[in-house]
There are 2 protein chains.
Amino acid sequence: MRPGRPAGSPPNRQAILTAARRKFAEHGYNQATIRAIAADAGVDPALVHHYFGTKAQLFAAAHAFPVDPRQVLPMLLEGDRGDLGARLVAFFLQIMGADPAGEGNPVIGLLRSAVTHDSAAAMLREFVSAEVLGPLAESLAVPDPQLRASLASSQLIGLAVARYVVRLEPLVTADDEVLTAWYGPTIQRYLTAPDADQ
Amino acid sequence: MRPGRPAGSPPNRQAILTAARRKFAEHGYNQATIRAIAADAGVDPALVHHYFGTKAQLFAAAHAFPVDPRQVLPMLLEGDRGDLGARLVAFFLQIMGADPAGEGNPVIGLLRSAVTHDSAAAMLREFVSAEVLGPLAESLAVPDPQLRASLASSQLIGLAVARYVVRLEPLVTADDEVLTAWYGPTIQRYLTAPDADQ
């Protein structure tokens, strides 16, 4: 037990994680500060350091992902395998669409950090591999399941960057239904086609 | 004519643009400095400012793109329309693959800047719309040509980010031929299918 431990209740810890996710998403990894995160959470910066250590450790702790893929993926993988691509795209658009401008969007915050910091890229890579690609690939009865999962991820990442960061028109203003109709079969083919030449 | 104009030959101008592309790609927009670009080009920083103004203006001038799409696109659009997707993917992998690690890669530099700076995102968006999506869409005899072009761009952007920035395996180590076999039909469908439900 370390000396001088400040009094801190679990709600404080949650408030810090929530504030961290918001600040990293708004400002990116580099420009979000422990001080601003602490202010946002209504706690002393020392408490943030005490609970989570460095900014990098706080980042890792905060970005367990906006939703827990270990809960969501099995749900999405259930049901008609023929609609898997459309279900994944519709769900992805739904979690992205909470804030279409991209500000405060946790996925965009993660991508922003990954693009500017090798350590954040490694963090995101490790997270996506362990929590998304791995379970997804495991559920697929196809050759090269890891490649399939990474192909699908590349299209969803590209959709996020093109629509919410670079803001290419008419992607930005297209209806989610239209995008699901276009992207669904792409994800479906990547995940379930017998091979690339299906 | 402005007073005090330093002597400067066109080769200096070219050297600065080349150095700027390299430094922006290596360090991103934020961390690349006029001083480092000038040192790399072997000129005085004042000359860089004189020729190009602000860092933002230099960035815009430098990123006319690694290849001139106005020259390359017509070439790619010629030939069998049934192979268009594969041709575009193979060409994209070729220009990306000059440096697989992504360091010094102009496309990655552009994406890095776009993700961290709204102004760079606007710059990239305007550039891609004017020089890539516009001409590409114009050449397609399909409904919603602008949407098609932006769908295709989203997959190529996602491939770039997933493979060269986040470095998802096994995308990183997959052969270009394997990736072309997977991504080619995606781009082909986005650009040439009669509609999303083809």
# chains A, B, ... in the order shown; residues from 1 in each chain; ligands from 1
$ interface_residues --of "chain A" --to "chain B" --cutoff "6 Å" --atoms "only C-alpha atoms" --output "ChimeraX atom specification"
/A:112,115,121,125,147,154-155,157-159,162,166,170,181-182,196
$ residues_around --residues "Phe59 of chain A" --least-positions-apart "2" --cutoff "8 Å" --atoms "only C-alpha atoms" --output "ChimeraX atom specification"
/A:20-21,24,29,55-57,61-63
$ atom_distance --atom1 "atom CA of Ala15 of chain A" --atom2 "atom CA of Val48 of chain A"
10.2 Å
$ closest_residue --among "B:Arg35, B:Thr192, B:Phe91, B:Met96" --to "Leu140 of chain B" --atoms "only C-alpha atoms"
B:Thr192
$ closest_residue --among "B:Ala46, B:Leu191, B:Ala25, B:Ala60" --to "Asp83 of chain B" --atoms "only C-alpha atoms"
B:Leu191
$ select_by_dssp --residues "chain A" --states "helix (DSSP H, G or I)" --output "ChimeraX atom specification"
/A:10-31,34-41,45-52,55-62,69-77,81-96,106-116,118-139,145-165,176-192
$ atom_distance --atom1 "atom CA of Gln94 of chain B" --atom2 "atom CA of Val107 of chain B"
11.8 Å
$ atom_distance --atom1 "atom CA of Pro194 of chain B" --atom2 "atom CA of Ile95 of chain A"
29.4 Å
$ closest_residue --among "B:Leu58, B:Gly134, B:Pro11, B:Pro74" --to "Thr33 of chain B" --atoms "only C-alpha atoms"
B:Leu58
